[in-house]
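Here is the structure we will look at.
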Amino acid sequence: MGIPCLLVALIGSLLGQPAPEPPPAHAVVLVMLDGLRWQEVFGGADERLLTPRFAVDQNDRARLLERFGGPTAEARRAALMPRLWSRIARDGQAFGDRLGPEPAPARVRNAFNVSYPGYSEVFCGFADDRIKDNRKVMNPNVTVFEWLNGHRPFAGRVAAFGGWDVFPFIFNAERCGFPVDDGCSPVTFGVVNDRIDTVNRLRADTPYRWGPGAPFDALVYHAAREWIRLNRPRVVFLGLGETDEWAHEGRYGDYLRAAHRADALIADLWDAMQAIDEYRGRTAFILTCDHGRGGGDAAGAAPEQWRDHNNKTPGAEQTWIAAFGSGVRPAGVRSGLAEVGQDQIAATLAALLGRDYNAAQPKAGPPLPGVVGGGPARRPED
Ligand SMILES: [Zn+2]
């Protein structure tokens, strides 16, 4: 706690008044980067993986080191995801750092460390043992998005965009009552325009590297960005999948470049929304992943296990969570905390909008500690 915060807290307590709570956010965007490890988010590029074994030749290694290398974890992560880290320093915070002397680890609570169980846990706020794999079955559980869409003033102002044709099942598009874009089909819901039409044509005319159902992130993002501008949703999901796909291929350089591009897309969406009166100064972003991957510094994991994630991969349960913007307490990299779970994100999202999700869904994890609300919080020293 800094001196000014101490003073405010002291004056507040002398007057018998708690520090004023900031107003809830008007809009929240949850962005998920599929299978992006906390190791890269907090530590940047891992030089040990820049090898031909992981599709990085000598020339590419030199290029990647020039772009993403650095003497410290802080320098490397700022090179890999510069916009995320400048936002965290300015008005945000991040869980999941296991590198420092006082870690603040984050994890999945489900037992499977694969995508559908991870997304469902994040969206619903609890793990469900019936959801074990990525099979296309309609989610029996209600997500925080569906819950919010069932209540004014959020009804009709919820939308999901994700680069995977399983998202309509995870959100249960048959029941949920809001549009769920899978990044592959044309966007035909809500107000659309020529730009969205162009993205629709690009979706139809671009080949799939990873099979139908898993498009490149640009094809998801640019439709989402334009649709948000035209339709003004207040609760948004954006799912970017390339990080996971390049990692499964074992292409470490492409995995890093995908993370770097995602960072730029997220910053672009932030800027686009800040340019709109309705969103300016009233919007919060939450960023996370659906599962970790093996390797890195996880006990018992071999470095090559960075490619994999399942219930037999040591470390794949380890994740990260970041938040910034309206209603988020600025606290930088969190440290010295008990492990938090991705089952706490749904209630955090609702709390940023001033809503108590746990009252409606007692199975959901509580909001992440110290993210939402006023009161003293450590200011970053930047
Ligand atoms: Zn995944």
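In the structure tokens, each chain is lettered A, B, ... as it comes, each chain's residues begin at 1, and ligands are numbered from 1 in order of appearance.
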
**Q.** 8 Å contact set for stretch 173-177 of chain A, only C-alpha atoms, chain neighbours under 2 positions out, as a ChimeraX atom specification
**A.** /A:138,142,146,149,156,168-171,179-180

Non-local contacts of stretch 233-246 of chain A (6 Å; only C-alpha atoms; under 4 positions in same chain excluded) as a compact mmCIF listing (two decimals) with N, CA and C atoms, in the first residue's frame:
# COMPACT_ATOMS: atom_id res chain seq x y z
N ALA A 27 -19.68 -2.34 -19.48
CA ALA A 27 -19.47 -3.49 -20.38
C ALA A 27 -18.24 -4.27 -19.94
N VAL A 28 -18.32 -5.58 -20.12
CA VAL A 28 -17.17 -6.45 -19.84
C VAL A 28 -16.91 -7.34 -21.05
N VAL A 29 -15.65 -7.45 -21.41
CA VAL A 29 -15.22 -8.35 -22.49
C VAL A 29 -14.32 -9.41 -21.88
N LEU A 30 -14.68 -10.68 -22.06
CA LEU A 30 -13.83 -11.79 -21.64
C LEU A 30 -13.11 -12.31 -22.88
N VAL A 31 -11.78 -12.21 -22.87
CA VAL A 31 -10.99 -12.72 -23.99
C VAL A 31 -10.24 -13.95 -23.52
N MET A 32 -10.34 -15.04 -24.27
CA MET A 32 -9.60 -16.26 -23.90
C MET A 32 -8.66 -16.65 -25.03
N LEU A 33 -7.41 -16.88 -24.65
CA LEU A 33 -6.37 -17.29 -25.58
C LEU A 33 -6.13 -18.76 -25.34
N ASP A 34 -6.58 -19.58 -26.28
CA ASP A 34 -6.61 -21.01 -26.05
C ASP A 34 -5.21 -21.58 -25.80
N GLY A 35 -5.06 -22.19 -24.62
CA GLY A 35 -3.84 -22.92 -24.31
C GLY A 35 -2.57 -22.09 -24.29
N LEU A 36 -2.68 -20.79 -24.08
CA LEU A 36 -1.46 -19.98 -23.93
C LEU A 36 -0.97 -20.16 -22.50
N ARG A 157 -28.16 -8.02 -24.86
CA ARG A 157 -26.91 -7.26 -25.03
C ARG A 157 -25.69 -8.14 -24.70
N VAL A 158 -25.82 -9.42 -25.05
CA VAL A 158 -24.76 -10.40 -24.81
C VAL A 158 -24.40 -11.02 -26.15
N ALA A 159 -23.13 -11.26 -26.39
CA ALA A 159 -22.71 -11.90 -27.64
C ALA A 159 -21.39 -12.63 -27.44
N ALA A 160 -21.22 -13.73 -28.17
CA ALA A 160 -19.99 -14.52 -28.07
C ALA A 160 -19.42 -14.76 -29.46
N PHE A 161 -18.11 -14.59 -29.58
CA PHE A 161 -17.39 -14.84 -30.83
C PHE A 161 -16.18 -15.70 -30.51
N GLY A 162 -16.04 -16.84 -31.16
CA GLY A 162 -14.90 -17.69 -30.85
C GLY A 162 -14.48 -18.52 -32.04
N GLY A 163 -13.19 -18.72 -32.18
CA GLY A 163 -12.66 -19.45 -33.33
C GLY A 163 -12.65 -20.95 -33.13
N ASP A 217 -7.32 -16.62 -36.24
CA ASP A 217 -7.89 -15.64 -35.33
C ASP A 217 -8.41 -14.38 -36.03
N ARG A 251 5.17 -25.94 -33.20
CA ARG A 251 5.87 -24.82 -33.85
C ARG A 251 5.97 -23.66 -32.86
N TYR A 255 3.77 -20.17 -32.40
CA TYR A 255 3.01 -20.01 -31.14
C TYR A 255 3.30 -18.64 -30.53
N ALA A 258 1.69 -15.95 -32.62
CA ALA A 258 0.23 -15.92 -32.42
C ALA A 258 -0.11 -15.16 -31.14

A:Gly354 environment, 10 Å, only C-alpha atoms, sequence neighbours closer than 2 positions dropped, as a compact mmCIF listing (two decimals) with C-alpha atoms, in the first residue's frame:
# COMPACT_ATOMS: atom_id res chain seq x y z
CA PRO A 23 -19.42 2.42 -10.18
CA PRO A 24 -19.81 -0.92 -11.92
CA ALA A 25 -18.50 -1.30 -15.44
CA HIS A 26 -20.99 -0.74 -18.25
CA GLY A 327 -13.86 -1.22 -11.90
CA THR A 348 -15.67 -11.79 -11.14
CA LEU A 349 -17.18 -10.89 -14.52
CA ALA A 350 -20.62 -10.45 -12.94
CA ALA A 351 -19.18 -8.44 -10.03
CA LEU A 352 -17.53 -6.02 -12.46
CA ASP A 356 -23.83 -11.16 -7.56
CA TYR A 357 -23.50 -14.39 -9.54
CA VAL A 372 -13.33 -5.63 -8.11
CA GLY A 373 -14.20 -2.53 -6.15

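Proximity ranking of A:Gly69, A:Gly281, A:Pro101, A:Gly292 relative to ligand 1 places A:Gly292 first, based on only C-alpha atoms and all ligand atoms.
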
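Proximity to A:Ala302 at 10 Å, evaluated using only C-alpha atoms and with sequence-adjacent residues fewer than 6 positions away removed, yields Gly294, Gly295, Gly296, Thr313 and Pro314 of chain A.
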
With N, CA and C atoms retained, export the selected residues as an mmCIF file, in the first residue's frame.
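Generated output (again_9.cif):
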data_model
loop_
_atom_site.group_PDB
_atom_site.id
_atom_site.type_symbol
_atom_site.label_atom_id
_atom_site.label_comp_id
_atom_site.auth_asym_id
_atom_site.auth_seq_id
_atom_site.Cartn_x
_atom_site.Cartn_y
_atom_site.Cartn_z
ATOM 1 N N GLY A 294 2.084 -28.456 -20.677
ATOM 2 C CA GLY A 294 3.181 -29.012 -19.895
ATOM 3 C C GLY A 294 4.480 -28.247 -20.085
ATOM 4 N N GLY A 295 5.502 -28.796 -19.487
ATOM 5 C CA GLY A 295 6.836 -28.239 -19.678
ATOM 6 C C GLY A 295 7.134 -27.089 -18.757
ATOM 7 N N GLY A 296 8.061 -26.259 -19.201
ATOM 8 C CA GLY A 296 8.441 -25.109 -18.405
ATOM 9 C C GLY A 296 8.958 -25.527 -17.056
ATOM 10 N N THR A 313 -0.525 -34.582 -18.315
ATOM 11 C CA THR A 313 0.583 -33.653 -18.587
ATOM 12 C C THR A 313 0.866 -32.822 -17.346
ATOM 13 N N PRO A 314 2.016 -33.029 -16.690
ATOM 14 C CA PRO A 314 2.305 -32.205 -15.513
ATOM 15 C C PRO A 314 2.365 -30.728 -15.899
#

Q.
List the spatial neighbours of A:Arg107 as number ranges by chain - criterion: any atom at most 10 Å away, only C-alpha atoms, same-chain residues fewer than 2 positions off excluded.
A. A: 95-96, 105, 109-110, 113, 290-292, 315-321, 339-343

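Candidate residues A:Trp85, A:Ala262, A:Asp197, A:Phe112 were compared for distance to A:Ala127, and the nearest is A:Phe112, using only C-alpha atoms.
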
Q: as a list in words, list the residues of stretch 90-193 of chain A assigned to strand (DSSP E) by DSSP on the backbone atoms of this structure.
A: Gly92, Gln93, Ala94, Phe95, Ala106, Arg107, Val158, Ala159, Ala160, Phe161, Gly162, Val180 and Asp181 of chain A
